[in-house]
Each structure stands twice: as C-alpha cells, then as structure tokens.
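Source file: upload09.cif; contents: mmCIF, C-alpha atoms.
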data_input
#
loop_
_atom_site.label_atom_id
_atom_site.label_comp_id
_atom_site.auth_asym_id
_atom_site.auth_seq_id
_atom_site.Cartn_x
_atom_site.Cartn_y
_atom_site.Cartn_z
CA MET V 964 125.04 109.06 193.46
CA SER V 965 123.31 108.29 190.16
CA SER V 966 122.32 104.69 189.51
CA TYR V 967 122.77 105.03 185.74
CA PRO V 968 125.45 102.76 184.25
CA PRO V 969 128.68 104.47 183.13
CA SER V 970 128.81 105.70 179.58
CA SER V 971 130.40 103.31 177.13
CA PRO V 972 132.98 104.47 174.59
CA THR V 973 130.60 103.83 171.66
CA GLN V 974 127.31 105.69 171.98
CA PRO V 975 124.24 105.28 169.76
CA THR V 976 124.53 107.52 166.75
CA THR V 977 120.98 107.41 165.42
CA LEU V 978 117.59 108.25 166.87
CA ARG V 979 116.39 104.69 166.25
CA GLN V 980 119.24 103.31 168.35
CA ARG V 981 118.66 105.91 171.07
CA LEU V 982 114.97 105.01 171.34
CA ALA V 983 115.80 101.30 171.37
CA GLY V 984 118.13 101.97 174.31
CA LEU V 985 115.34 103.78 176.14
CA ARG V 986 112.97 100.82 175.70
CA GLY V 987 115.51 98.18 176.66
CA PRO V 988 117.52 95.77 174.49
CA ALA V 989 114.92 92.99 174.49
CA VAL V 990 111.74 95.14 174.37
CA GLN V 991 109.85 95.48 171.10
CA PRO V 992 108.46 98.96 170.33
CA ARG V 993 104.83 99.43 171.23
CA PRO V 994 103.02 101.07 168.29
CA LEU V 995 100.98 104.21 168.78
CA ASP V 996 97.25 103.88 168.18
CA ALA V 997 94.51 106.46 167.77
CA ARG V 998 93.37 106.13 171.38
CA ALA V 999 96.88 106.88 172.65
CA LEU V 1000 97.23 109.81 170.24
CA ALA V 1001 93.91 111.27 171.36
CA ALA V 1002 95.03 111.04 174.99
CA LEU V 1003 98.41 112.52 174.08
CA ALA V 1004 96.73 115.43 172.29
CA ALA V 1005 94.56 116.07 175.34
CA ASN V 1006 97.71 116.68 177.43
CA PRO V 1007 100.40 118.02 175.06
CA GLY V 1008 102.42 119.54 177.89
CA CYS V 1009 103.38 116.13 179.26
CA GLY V 1010 106.88 115.48 177.95
CA ARG V 1011 106.97 112.17 179.81
CA ARG V 1012 104.12 110.66 177.83
CA ALA V 1013 105.34 112.19 174.56
CA LEU V 1014 108.76 110.59 175.00
CA LEU V 1015 107.50 107.20 176.20
CA ASP V 1016 104.92 106.93 173.42
CA GLY V 1017 107.35 108.18 170.79
CA ALA V 1018 109.97 105.67 171.88
CA GLY V 1019 107.44 102.83 171.90
CA VAL V 1020 107.86 102.10 175.62
CA ASP V 1021 105.31 99.69 177.08
CA LYS V 1022 103.87 101.99 179.76
CA ASN V 1023 101.77 99.21 181.25
CA ALA V 1024 104.86 97.05 181.90
CA LEU V 1025 106.72 100.12 183.16
CA ALA V 1026 103.91 101.03 185.58
CA THR V 1027 103.82 97.45 186.89
CA ALA V 1028 107.59 97.47 187.44
CA LEU V 1029 107.23 100.77 189.31
CA GLY V 1030 104.65 99.20 191.61
CA SER V 1031 101.74 101.31 190.31
CA PRO V 1032 99.97 99.13 187.74
CA ALA V 1033 97.16 100.61 185.67
CA ALA V 1034 93.70 99.72 186.87
CA PHE V 1035 91.74 100.32 183.69
CA GLY V 1036 91.16 98.60 180.36
CA GLN V 1037 88.55 96.53 178.59
CA SER V 1038 87.51 93.20 180.02
CA GLN V 1039 87.92 90.09 177.92
CA PHE V 1040 84.14 89.81 177.71
CA ALA V 1041 83.84 93.34 176.29
CA ILE V 1042 86.57 92.62 173.71
CA VAL V 1043 84.85 89.41 172.56
CA ARG V 1044 81.48 91.16 172.40
CA GLY V 1045 82.95 94.05 170.41
CA ASN V 1046 84.64 91.71 167.93
CA SER V 1047 81.43 89.74 167.49
CA PHE V 1048 79.40 92.89 166.83
CA GLU V 1049 81.96 94.23 164.36
CA ALA V 1050 81.94 90.94 162.45
CA LYS V 1051 78.14 91.13 162.25
CA VAL V 1052 78.22 94.71 160.92
CA LYS V 1053 80.81 93.86 158.27
CA GLY V 1054 79.24 90.54 157.25
CA ASP V 1055 78.06 89.79 153.73
CA GLY V 1056 80.72 91.97 152.12
CA GLY V 1057 79.89 94.94 154.31
CA ALA V 1058 76.37 95.29 152.86
CA GLU V 1059 74.82 96.47 156.14
CA LEU V 1060 77.66 98.88 156.86
CA LEU V 1061 77.44 100.43 153.39
CA ARG V 1062 73.67 100.70 153.74
CA LEU V 1063 74.10 102.65 156.99
CA VAL V 1064 76.67 104.98 155.40
CA HIS V 1065 74.41 105.59 152.41
CA GLY V 1066 71.32 106.21 154.53
CA HIS V 1067 72.93 108.55 157.05
CA LEU V 1068 75.60 110.38 155.06
CA ASP V 1069 74.90 110.14 151.32
CA PRO V 1070 71.21 109.40 150.62
CA ALA V 1071 71.29 111.25 147.28
CA ALA V 1072 73.90 108.88 145.83
CA GLU V 1073 73.14 105.63 144.06
CA PRO V 1074 72.58 102.92 146.69
CA PRO V 1075 75.46 100.46 147.05
CA GLY V 1076 74.82 97.23 145.18
CA ALA V 1077 75.83 93.68 145.84
CA GLY V 1078 79.05 94.18 143.90
CA ALA V 1079 80.52 96.90 146.10
CA ARG V 1080 84.30 96.86 146.15
CA VAL V 1081 86.11 95.40 149.21
CA PRO V 1082 89.82 95.38 148.29
CA ASP V 1083 92.35 93.10 149.92
CA LEU V 1084 94.67 95.20 152.12
CA THR V 1085 97.06 92.51 153.32
CA ALA V 1086 100.77 93.33 153.11
CA ALA V 1087 103.96 92.78 155.06
CA GLY V 1088 104.44 95.04 158.05
CA PRO V 1089 102.72 98.32 158.91
CA GLU V 1090 104.64 100.24 156.22
CA GLY V 1091 103.52 97.78 153.57
CA ARG V 1092 99.92 97.88 154.76
CA ALA V 1093 99.93 101.68 154.77
CA ALA V 1094 101.24 101.71 151.19
CA ARG V 1095 98.64 99.13 150.14
CA THR V 1096 95.89 101.22 151.76
CA ALA V 1097 97.04 104.36 149.94
CA LEU V 1098 96.94 102.45 146.64
CA ALA V 1099 93.43 101.09 147.38
CA LEU V 1100 92.20 104.59 148.19
CA ARG V 1101 93.65 105.88 144.92
CA GLU V 1102 91.97 103.10 142.92
CA ALA V 1103 88.62 103.51 144.69
CA THR V 1104 88.62 107.29 144.17
CA ALA V 1105 89.32 106.82 140.46
CA ALA V 1106 86.66 104.07 140.12
CA ARG V 1107 83.88 106.34 141.48
CA ASP V 1108 82.07 103.44 143.14
CA TRP V 1109 81.16 102.40 146.68
CA THR V 1110 84.24 100.87 148.30
CA LEU V 1111 84.73 99.48 151.80
CA LEU V 1112 88.23 99.37 153.26
CA ASP V 1113 88.17 96.93 156.17
CA HIS V 1114 90.81 97.80 158.80
CA PRO V 1115 93.02 99.95 156.57
CA MET V 1116 96.42 101.14 157.83
CA LEU V 1117 97.09 104.88 157.93
CA ALA V 1118 100.36 106.67 158.63
CA LEU V 1119 100.69 109.88 160.65
CA GLU V 1120 103.85 111.59 161.88
CA VAL V 1121 103.64 112.66 165.52
CA ALA V 1122 106.44 114.65 167.15
CA GLY V 1123 108.88 113.40 164.55
CA SER V 1124 107.95 109.76 165.08
CA PRO V 1125 105.75 107.73 162.66
CA ALA V 1126 102.50 106.30 163.97
CA TYR V 1127 100.48 103.64 162.16
CA LEU V 1128 96.74 103.76 162.80
CA GLU V 1129 94.05 101.20 162.05
CA PRO V 1130 90.44 102.47 161.94
CA ASP V 1131 87.58 100.00 161.92
CA ALA V 1132 86.65 100.95 158.36
CA VAL V 1133 86.90 103.68 155.73
CA VAL V 1134 84.21 104.01 153.05
CA VAL V 1135 84.85 105.68 149.69
CA HIS V 1136 81.71 107.29 148.21
CA PRO V 1137 80.97 107.42 144.47
CA ASP V 1138 81.82 111.14 144.48
CA GLY V 1139 85.32 110.44 145.85
CA ARG V 1140 84.61 111.38 149.47
CA TRP V 1141 86.23 109.30 152.24
CA THR V 1142 84.34 108.56 155.45
CA VAL V 1143 85.72 107.11 158.67
CA VAL V 1144 83.49 104.52 160.35
CA GLU V 1145 83.81 103.80 164.08
CA ILE V 1146 82.19 100.58 165.34
CA LYS V 1147 81.60 100.49 169.09
CA SER V 1148 79.93 97.92 171.32
CA PHE V 1149 78.21 100.38 173.67
CA PRO V 1150 74.48 100.70 172.89
CA MET V 1151 72.41 103.50 171.42
CA ILE V 1152 69.21 103.63 173.43
CA ASP V 1153 66.39 105.58 171.80
CA ALA V 1154 68.89 106.87 169.20
CA ALA V 1155 71.20 108.32 171.89
CA ALA V 1156 74.41 106.94 173.42
CA ASP V 1157 76.46 107.82 176.48
CA ALA V 1158 77.88 111.31 175.89
CA ALA V 1159 81.28 110.55 177.41
CA LYS V 1160 81.73 107.45 175.24
CA VAL V 1161 80.61 109.30 172.11
CA GLY V 1162 83.10 112.07 172.92
CA ALA V 1163 85.93 109.58 173.28
CA ALA V 1164 84.96 107.93 169.98
CA ALA V 1165 84.88 111.36 168.28
CA ARG V 1166 88.38 112.23 169.51
CA GLN V 1167 89.65 108.87 168.32
CA ALA V 1168 87.98 109.28 164.91
CA ALA V 1169 89.47 112.78 164.58
CA VAL V 1170 92.95 111.22 164.63
CA TYR V 1171 91.94 108.94 161.75
CA VAL V 1172 90.58 111.94 159.82
CA LEU V 1173 93.91 113.74 160.25
CA ALA V 1174 95.80 110.70 158.96
CA LEU V 1175 93.45 110.35 155.99
CA GLU V 1176 93.97 114.00 155.12
CA ARG V 1177 97.71 113.38 154.78
CA THR V 1178 96.97 110.71 152.17
CA ALA V 1179 94.29 112.77 150.41
CA GLU V 1180 96.75 115.63 149.87
CA LYS V 1181 98.58 113.42 147.37
CA LEU V 1182 95.47 112.38 145.38
CA ALA V 1183 93.47 114.54 143.00
CA GLY V 1184 89.71 114.42 143.56
CA ALA V 1185 89.93 112.95 147.07
CA ASP V 1186 87.98 114.60 149.87
CA VAL V 1187 87.96 113.54 153.53
CA GLY V 1188 84.60 113.97 155.23
CA HIS V 1189 84.60 115.63 158.66
CA THR V 1190 81.44 113.74 159.63
CA VAL V 1191 82.17 110.19 160.74
CA LEU V 1192 79.65 107.42 161.18
CA LEU V 1193 79.34 105.87 164.63
CA VAL V 1194 77.85 102.36 164.50
CA CYS V 1195 76.54 100.80 167.73
CA PRO V 1196 74.06 98.13 168.85
CA LYS V 1197 70.46 99.33 168.83
CA ASP V 1198 68.84 99.51 172.27
CA PHE V 1199 69.48 96.18 174.02
CA SER V 1200 69.78 94.06 170.88
CA ASN V 1201 72.71 93.11 168.69
CA LEU V 1202 71.24 94.87 165.66
CA PRO V 1203 73.39 97.69 164.28
CA THR V 1204 72.27 101.29 164.19
CA ALA V 1205 74.24 104.42 163.38
CA ALA V 1206 74.50 108.15 163.90
CA PRO V 1207 76.64 110.78 162.14
CA VAL V 1208 79.13 112.62 164.37
CA ASP V 1209 80.71 115.92 163.30
CA VAL V 1210 84.37 115.85 164.40
CA ARG V 1211 85.53 119.21 163.05
CA ARG V 1212 86.05 120.62 166.53
CA GLU V 1213 87.86 117.51 167.78
CA ARG V 1214 89.99 117.46 164.61
CA ALA V 1215 91.02 121.10 165.02
CA VAL V 1216 91.87 120.64 168.70
CA THR V 1217 93.78 117.41 168.09
CA ARG V 1218 95.74 118.88 165.19
CA ARG V 1219 96.72 121.95 167.19
CA GLN V 1220 97.73 119.91 170.22
CA LEU V 1221 99.77 117.39 168.23
CA GLU V 1222 101.62 120.22 166.51
CA ARG V 1223 102.57 121.60 169.95
CA LEU V 1224 104.28 118.38 170.98
CA THR V 1225 108.03 118.59 171.39
CA ARG V 1226 109.82 116.39 168.90
CA VAL V 1227 111.00 113.06 170.27
CA GLU V 1228 114.64 113.67 169.36
CA GLU V 1229 114.66 116.90 171.39
CA LEU V 1230 113.25 115.11 174.44
CA ALA V 1231 115.70 112.22 174.06
CA ALA V 1232 118.67 114.56 173.62
CA ALA V 1233 117.96 116.21 177.00
CA LEU V 1234 118.20 112.91 178.90
CA PRO V 1235 121.31 111.61 180.70
CA GLU V 1236 123.36 109.06 178.82
CA GLY V 1237 122.57 105.50 179.81
CA LEU V 1238 119.03 106.26 180.96
CA THR V 1239 116.60 103.45 180.16
CA PHE V 1240 113.02 102.45 180.90
CA ASP V 1241 113.74 98.74 180.59
CA PRO V 1242 111.19 97.00 182.87
CA GLU V 1243 113.92 94.54 183.90
CA ARG V 1244 115.58 97.31 185.94
CA THR V 1245 114.83 97.77 189.64
CA ALA V 1246 111.92 99.93 190.76
CA GLU V 1247 114.36 102.50 192.19
CA GLU V 1248 116.25 102.81 188.91
CA LEU V 1249 113.03 103.10 186.92
CA ALA V 1250 111.62 105.71 189.29
CA GLU V 1251 114.79 107.77 188.84
CA ALA V 1252 114.59 107.39 185.06
CA VAL V 1253 110.92 108.41 184.94
CA SER V 1254 111.53 111.42 187.18
CA ALA V 1255 114.18 112.65 184.72
CA VAL V 1256 111.40 113.51 182.24
CA ASP V 1257 108.99 116.33 183.05
CA ALA V 1258 105.33 115.36 183.41
CA ALA V 1259 102.09 117.32 183.47
CA TYR V 1260 99.83 115.23 185.69
CA ALA V 1261 96.10 115.93 185.92
CA PRO V 1262 93.30 113.77 187.38
CA GLU V 1263 92.02 113.18 183.84
CA CYS V 1264 95.17 111.12 183.21
CA LEU V 1265 93.75 108.34 185.40
CA ALA V 1266 91.39 107.33 182.58
CA ALA V 1267 93.92 107.57 179.76
CA CYS V 1268 97.51 106.83 180.85
CA GLU V 1269 99.06 103.73 182.36
CA LEU V 1270 101.53 105.80 184.41
CA ALA V 1271 98.84 108.02 185.93
CA PHE V 1272 98.88 106.35 189.36
CA HIS V 1273 102.64 106.72 189.63
CA CYS V 1274 102.47 110.37 188.54
CA ARG V 1275 99.63 111.04 190.99
CA GLU V 1276 101.64 109.59 193.85
CA ARG V 1277 104.62 111.80 192.97
CA ALA V 1278 102.42 114.88 192.56
CA ARG V 1279 100.89 114.31 196.00
CA ALA V 1280 104.30 113.71 197.54
CA ALA V 1281 105.49 117.02 196.08
CA ASP V 1282 102.33 118.76 197.38
CA ALA V 1283 101.70 119.95 193.82
CA VAL V 1284 98.40 121.65 193.00
CA THR V 1285 98.28 119.75 189.71
CA ALA V 1286 96.84 116.84 191.70
CA LEU V 1287 93.72 118.98 192.21
CA GLY V 1288 93.03 119.43 188.50
CA ARG V 1289 93.93 121.70 185.60
CA SER V 1290 91.28 124.29 186.43
CA VAL V 1291 92.63 124.73 189.98
CA ARG V 1292 96.19 124.86 188.67
CA GLY V 1293 95.23 127.55 186.18
CA GLU V 1294 93.46 129.65 188.81
CA LEU V 1295 96.36 129.55 191.28
CA GLY V 1296 98.96 130.97 188.90
CA ALA V 1297 102.38 131.13 190.58
CA LEU V 1298 101.17 129.17 193.63
CA THR V 1299 102.36 125.70 192.63
CA THR V 1300 101.97 123.86 195.96
CA VAL V 1301 98.99 123.28 198.22
CA GLU V 1302 100.98 124.60 201.18
CA ALA V 1303 101.64 127.89 199.37
CA ALA V 1304 97.95 128.20 198.44
CA LEU V 1305 96.83 127.61 202.06
CA ALA V 1306 99.41 130.10 203.30
CA ALA V 1307 98.09 132.70 200.85
CA ALA V 1308 94.53 132.05 202.01
CA SER V 1309 95.59 132.65 205.64
CA GLY V 1310 97.14 135.99 204.71
CA ALA V 1311 100.79 134.91 204.75
CA GLY V 1312 101.20 135.25 200.98
CA CYS V 1313 102.68 138.16 199.09
CA ALA V 1314 100.27 141.07 199.25
CA GLU V 1315 101.31 142.18 195.76
CA ASP V 1316 100.33 138.84 194.23
CA PRO V 1317 96.73 139.20 192.92
CA THR V 1318 96.15 135.45 193.23
CA ALA V 1319 97.24 135.42 196.89
CA ALA V 1320 95.11 138.50 197.61
CA ALA V 1321 92.06 136.90 195.98
CA LEU V 1322 92.56 133.70 197.98
CA HIS V 1323 92.87 135.64 201.24
CA ARG V 1324 89.71 137.61 200.48
CA ALA V 1325 87.81 134.44 199.59
CA ALA V 1326 88.94 132.83 202.87
CA ARG V 1327 87.74 135.86 204.85
CA LEU V 1328 84.35 135.82 203.12
CA ARG V 1329 83.98 132.11 203.80
CA ALA V 1330 84.84 132.58 207.48
CA GLU V 1331 82.35 135.43 207.80
CA ALA V 1332 79.62 133.36 206.13
CA LEU V 1333 80.25 130.46 208.51
CA GLU V 1334 80.12 132.79 211.54
CA LEU V 1335 76.80 134.26 210.40
CA ALA V 1336 75.36 130.81 209.81
CA ALA V 1337 76.47 129.68 213.28
CA ALA V 1338 75.03 132.78 214.97
CA ARG V 1339 71.68 132.64 213.20
CA PRO V 1340 69.02 130.90 215.32
CA ARG V 1341 67.74 127.70 213.88
CA ARG V 1342 64.07 127.44 212.99
CA HIS V 1343 62.19 124.84 214.97
CA VAL V 1344 60.70 122.26 212.64
CA PRO V 1345 57.85 120.38 214.34
CA GLU V 1346 58.12 116.68 214.18
CA SER V 1347 55.67 115.04 211.81
CA PRO V 1348 52.98 112.96 213.46
CA GLU V 1349 53.50 109.28 213.50
CA CYS V 1350 51.99 107.39 210.64
CA PRO V 1351 48.59 106.03 211.76
CA CYS V 1352 49.00 102.87 209.75
#

Would you mind writing the file's structure down as structure tokens?
Amino acid sequence: MSSYPPSSPTQPTTLRQRLAGLRGPAVQPRPLDARALAALAANPGCGRRALLDGAGVDKNALATALGSPAAFGQSQFAIVRGNSFEAKVKGDGGAELLRLVHGHLDPAAEPPGAGARVPDLTAAGPEGRAARTALALREATAARDWTLLDHPMLALEVAGSPAYLEPDAVVVHPDGRWTVVEIKSFPMIDAAADAAKVGAAARQAAVYVLALERTAEKLAGADVGHTVLLVCPKDFSNLPTAAPVDVRRERAVTRRQLERLTRVEELAAALPEGLTFDPERTAEELAEAVSAVDAAYAPECLAACELAFHCRERARAADAVTALGRSVRGELGALTTVEAALAAASGAGCAEDPTAAALHRAARLRAEALELAAARPRRHVPESPECPC
C-alpha cells in the first residue's frame, strides 16, 4: 500500500505550487549554482537530479533524512582561505585583477588605469541583481573602458526553470569583449595547477559563459570571450597569478547536455499526486518518493551529488551494472545486471547476443591464459647474498 497521503479536492494548479509541494511547505527553494549545473550537465540522463535541482530541493537535507548523508564539501578553513585570497585579488578597486586580465588576455589594449569602472550591482533579490548586472554590462560596453563587475548575477534557463548564477568576476574590455574570471584557492606551482581542479573550474566557467551569451544576444557590440582567466595563488605564497583557459569544448558539451534535459514540468507531471521530498517525512516515505523518479547513477556522482551514496546503495541492491561505471554499462549493452553479465561469461547467455558471445569468449581466453601460467614452470631466482655491512 502506498504511503502517499490521499489526494485533496483542491490540487495545485501552477508549476510553482507543484514544485513547492515537492520541496515541502516550510522548505525554501535551494537556488541552482554553476557547480550544480556543471554536474547536472555531466549526467543529463538522471531525471532524479534534474527534478530535485529544478524544484529547488535541498539534496543534502534529503540525503541526511534518508540516512545516507553526503561526505564531501569544502572545509571551513578552505572557505575562509578562499575568501581571503579573493579579497586580496580584488583589493584596491580590482587593480591587480585587471592587470592580470590585461597581461594575459588583452596586452595590445590600453592598460587599465586607476579610474577603472567598478559599478555597484546591489539590488533586491536575484531577479533585481540580474537586471542590474545586465544594465551595468550595457553601460560598460557602450563606455568602451575597462570595467570590473564584482560578483555579478546572471540568469540562465535550465529545463524550463530559471537559474541565477554568480561568477567571481566579469571584466569588460575596451573593445566590448566580456571575460569571465574564476578565482580559486588551489595553487599554481611552476605555472601549472592540478589538472582535475582546472577541469572542474573550466566546466563551471563554461556555465557562466553560456549565461553571459544570453545577455550578449540582446546588446549590440557585445562579445563573450571563450577564454576565461583562472586566478590562483602562486606556488606556496598568497600572491596571485593567472592562466588563460579555453572553455570552448566545455561550453559546447555543457550546452548540448543542458538542452537534452527533460523539462521540469514534464518530470513533475509524471509523479504521483501527493509525492513530496519534505525532509520532515520518515525515511521510508522519502525512499519511496525518491525511487519514483528515475536515476542514472555512476561512480562519478560520488564527487558531485549529495544523493550519490543513496543511489549507489540502491544500484548495488538491484545488482545494476551502472554501479561499475558508465564505460562498463556501455560495453554490456542489454545486460543490465551483474548476474546477467556473469551468466553470459559462463556461457549461459543468449548465443545470438553479440555482447554475451564476446563475454563468453573473453572468459574462455582468460581461463586458458591462467591455465598456461599455472602449468609453466617457474624460473628459479637465486637469493641475493646477504649484505656484508
């Protein structure tokens, strides 16, 4: 018997009300950020994450209520260190940041002077801040002067749901070009940084570039640069250094993946009436609600999604091959469980299935190789003489 509450005579009539019911009556929507969008774009087939993010569900609170809390995130020390480094880079009216942008991305332009523009972007609410940012970009593009936008607010529609994004900085060049600046606290040692961290920063910056392009489409003379500037501490000091990062590939992949996402209203319409992800519900009710939405678990989710541990547990319980990784899942084709794959390797699979035949042949070759290795006499390796010292 379902644990969902009975349907009431008056049902929500708008998408906003439906999403509020999914979150819970007392739960505020959790806004999407660029990091979440980059992770969502990396796994567009996961309807569960698309719905939860689109509805603004707090996945961390949901995972805790399910008994599988997320075990990742920045430490308080790393957050404080990152904020301190960002404040240092943007100090003195952003003079150092503009100098780095000029030196690495636009050396032919006139160097930024002491009077570079730093407009005030304060406004009420994310919608107001996004409108104020769009106006500041318009004014800076028309002024044809170096302009630093500190923590602007950008709007991007994702699966029919608006997302408001806040990059570290956007710089407007004298020629009207817009550049995204990412400030990170991990170091660049000998002008090179950790490849995995640079890749994550590039995917995050690609989301900002996409959002900026939506604004640039409405302004004449605006051009969004596909090379972002990554600013990090130099070696083991707190001095800033920078490197340009081309994000055209990440932008193209992210754009294609975000366009593939099913719209939130379609996902919500397929759910049973009364379903909710309110963390105040029992773990059994929440587990039933989460299982009502299809997921596409992969081991990579462990580093990007708060529900990954819950999804991994369910994938293992279902004996699904997705727990072994996307590459294995892609190679196995119609064999969706580990038991089916092992059966095919033992010869019990369908002989007409090319995947089952290939697995059986690979198992035979492995067995033959192990038999040959066991039958081959081992070479006698003389023991080395004892050390005379």

Within 9 Å of Val1208 in chain V, counting all atoms listed in the file, which residues qualify if same-chain residues fewer than 6 places away don't, as a VMD selection string?
-> chain V and resid 1161 1165 1189 to 1193

Who sits within 8 Å of Arg1095 in chain V, all atoms listed in the file, same chain under 6 positions skipped, as a list in words | Leu1084, Thr1085 and Ala1086 of chain V

In the coordinates of the file, take the point (93.0, 109.5, 147.9) and a cut-off of 7 Å; then, counting all atoms listed in the file, name each qualifying protein, DNA or RNA residue as a list of chain:residue names.
-> V:Ala1097, V:Leu1100, V:Arg1101, V:Thr1104, V:Thr1178, V:Ala1179, V:Lys1181, V:Leu1182, V:Ala1185

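With only the atoms specified (only C-alpha atoms) counting, those residues at most 9 Å away from (109.9, 96.6, 189.3) are Ala1024, Leu1025, Ala1026, Thr1027, Ala1028, Leu1029, Gly1030, Pro1242, Glu1243, Arg1244, Thr1245, Ala1246, Glu1247, Glu1248 and Leu1249 of chain V.
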
Using only C-alpha atoms, determine which residues lie at most 7 Å from range 1116-1128 of chain V, disregarding the query and same-chain residues fewer than 3 positions distant; provide the list as a PyMOL selection string.
-> chain V and resi 994-997+1017+1089+1092-1093+1096+1174-1175+1221+1224-1227

Between V:Val1020, V:Val1253, V:Ala1013, V:Ile1152, single out the one closest to Leu1202 in chain V, counting all atoms listed in the file.
-> V:Ile1152

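Put simply, CA of Gln1220 in chain V is 16.2 Å away from CA of Glu1263 in chain V.
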
Near-range 985-993 of chain V list (9 Å; only C-alpha atoms; drop same-chain fewer than 2 positions) as a short mmCIF file (atom, residue, chain, number, x, y, z; two decimals) with C-alpha atoms, in the coordinates of the input:
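After the write, out35.cif holds the following:
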data_model
loop_
_atom_site.label_atom_id
_atom_site.label_comp_id
_atom_site.auth_asym_id
_atom_site.auth_seq_id
_atom_site.Cartn_x
_atom_site.Cartn_y
_atom_site.Cartn_z
CA GLN V 980 119.24 103.31 168.35
CA ARG V 981 118.66 105.91 171.07
CA LEU V 982 114.97 105.01 171.34
CA ALA V 983 115.80 101.30 171.37
CA LEU V 995 100.98 104.21 168.78
CA LEU V 1015 107.50 107.20 176.20
CA ASP V 1016 104.92 106.93 173.42
CA ALA V 1018 109.97 105.67 171.88
CA GLY V 1019 107.44 102.83 171.90
CA VAL V 1020 107.86 102.10 175.62
CA ASP V 1021 105.31 99.69 177.08
CA LYS V 1022 103.87 101.99 179.76
CA ALA V 1231 115.70 112.22 174.06
CA GLY V 1237 122.57 105.50 179.81
CA LEU V 1238 119.03 106.26 180.96
CA THR V 1239 116.60 103.45 180.16
CA PHE V 1240 113.02 102.45 180.90
CA ASP V 1241 113.74 98.74 180.59
CA PRO V 1242 111.19 97.00 182.87
CA GLU V 1243 113.92 94.54 183.90
#

Tell me which residues the PyMOL selection byres ((chain V and resi 1280-1284) around 10) grabs here, as a ChimeraX atom specification.
-> /V:1260-1261,1274-1279,1285-1289,1291-1293,1295,1298-1304

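Among the candidates V:Asp1257, V:Phe1048, V:Ala1058, V:Val1133, the residue lying nearest to Ser1200 in chain V is V:Phe1048 (atoms considered: only C-alpha atoms).
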
Run the PyMOL selection byres ((chain V and resi 1214) around 9) mentally over the shown coordinates, then write out the matched residues as a compact mmCIF listing (two decimals) with C-alpha atoms, in the frame of the given file, using the chain letters and numbers from the document.
# COMPACT_ATOMS: atom_id res chain seq x y z
CA ALA V 1165 84.88 111.36 168.28
CA ARG V 1166 88.38 112.23 169.51
CA ALA V 1168 87.98 109.28 164.91
CA ALA V 1169 89.47 112.78 164.58
CA VAL V 1170 92.95 111.22 164.63
CA VAL V 1172 90.58 111.94 159.82
CA LEU V 1173 93.91 113.74 160.25
CA HIS V 1189 84.60 115.63 158.66
CA VAL V 1210 84.37 115.85 164.40
CA ARG V 1211 85.53 119.21 163.05
CA ARG V 1212 86.05 120.62 166.53
CA GLU V 1213 87.86 117.51 167.78
CA ALA V 1215 91.02 121.10 165.02
CA VAL V 1216 91.87 120.64 168.70
CA THR V 1217 93.78 117.41 168.09
CA ARG V 1218 95.74 118.88 165.19
CA ARG V 1219 96.72 121.95 167.19
